[in-house]
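Notes to accompany the following structure.
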Amino acid sequence: MKLKNPTYPLIKMPIDIQIPLYLIKEELKSRKLFHMLQELGMTDCDFEPHLDSLILQIIGLDEDDDNVSDKYFDVMERRSKKIEADRDQIMKQAVKAYHEILTIKKQFDIKSK
């Protein structure tokens with residue numbers, strides 16, 4: 001039986017995973033919205049939240065490293081284009097983005113050793 005619109009997560013995740021996932025999910029939704037507004041001709045909006053710096057810091061990546069930033073932005077752009085107005089779909093893309101960002105972290109952790 002599939003639950004429709006559950007009000008709580010089906011699994012309990014540690015807080016150190018919940019917070020970045022939540023921020024990534026909100027950033028993906030924001031990017032989708034602002035891309036749609038750009039398509040309608042609304043540009044240069046000061047209301048975009050830009051959670052990227054916070055996400056990178058929480059995950060432990062150096063936001064000042066151009067290589068890290070480029071890879072991160074590629075992931076977020078790609079994943080934000082794939083979301084639809086469906087809670088499960090948004091969460092699925094957030095989890096995929098989270099795993100890709102962790103892969104970036106592992107790559108740069110290995111390079112720094």
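Following the order of the structure tokens, first chain is A, next is B, and so on, with residues numbered from 1 inside each chain and ligands from 1 in the order they appear.
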Q: Pick out each residue of chain A that DSSP on the backbone tags as helix (DSSP H, G or I); I need them as JSON, numbers by chain.
A: {"A": [15, 16, 17, 18, 19, 20, 21, 22, 23, 24, 25, 26, 27, 28, 29, 30, 31, 32, 33, 34, 35, 36, 37, 38, 39, 52, 53, 54, 55, 56, 57, 58, 59, 66, 67, 68, 69, 70, 71, 72, 73, 74, 75, 76, 77, 78, 79, 80, 81, 87, 88, 89, 90, 91, 92, 93, 94, 95, 96, 97, 98, 99, 100, 101, 102, 103, 104, 105, 106, 107, 108, 109, 110, 111, 112]}
Q: Compile the contact shell of Ser30 (chain A) as number ranges by chain: residues with an atom at most 9 Å away, counting only C-alpha atoms, same-chain residues fewer than 3 positions apart removed.
A: A: 25-27, 33-35, 48-50, 80
Could the residues in this selection be saved with N, CA and C atoms as a compact mmCIF listing (two decimals), in the first residue's frame?
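Dumped to again_30.txt:
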```
# COMPACT_ATOMS: atom_id res chain seq x y z
N LYS A 25 16.97 20.34 -1.15
CA LYS A 25 15.60 20.29 -1.68
C LYS A 25 15.06 21.70 -1.90
N GLU A 26 15.26 22.58 -0.93
CA GLU A 26 14.78 23.96 -1.05
C GLU A 26 15.52 24.71 -2.15
N GLU A 27 16.81 24.47 -2.28
CA GLU A 27 17.60 25.13 -3.33
C GLU A 27 17.14 24.65 -4.71
N LEU A 33 11.97 27.44 -9.75
CA LEU A 33 11.08 28.60 -9.80
C LEU A 33 11.73 29.77 -10.53
N PHE A 34 12.96 30.08 -10.20
CA PHE A 34 13.61 31.24 -10.81
C PHE A 34 13.98 31.01 -12.27
N HIS A 35 14.21 29.75 -12.66
CA HIS A 35 14.40 29.45 -14.08
C HIS A 35 13.09 29.68 -14.84
N GLU A 48 15.97 35.65 -4.69
CA GLU A 48 16.48 34.28 -4.77
C GLU A 48 17.35 33.99 -3.54
N PRO A 49 17.09 32.89 -2.82
CA PRO A 49 17.76 32.68 -1.53
C PRO A 49 19.24 32.31 -1.59
N HIS A 50 19.72 31.63 -2.64
CA HIS A 50 21.13 31.23 -2.75
C HIS A 50 21.63 30.50 -1.49
N SER A 80 17.91 20.38 -10.74
CA SER A 80 16.77 21.31 -10.66
C SER A 80 15.92 21.27 -11.93
```
Q) Counting only C-alpha atoms, what is within 8 Å of region 91-100 of chain A, bar same-chain residues fewer than 5 positions away, as an NGL selection string? A) :A and (20-21 or 24-25 or 28 or 75-76 or 79-80 or 82-83)
Q: Take CA of Met42 (chain A) and CA of Asp74 (chain A) and report the distance between them in Å, one decimal.
A: 22.7 Å
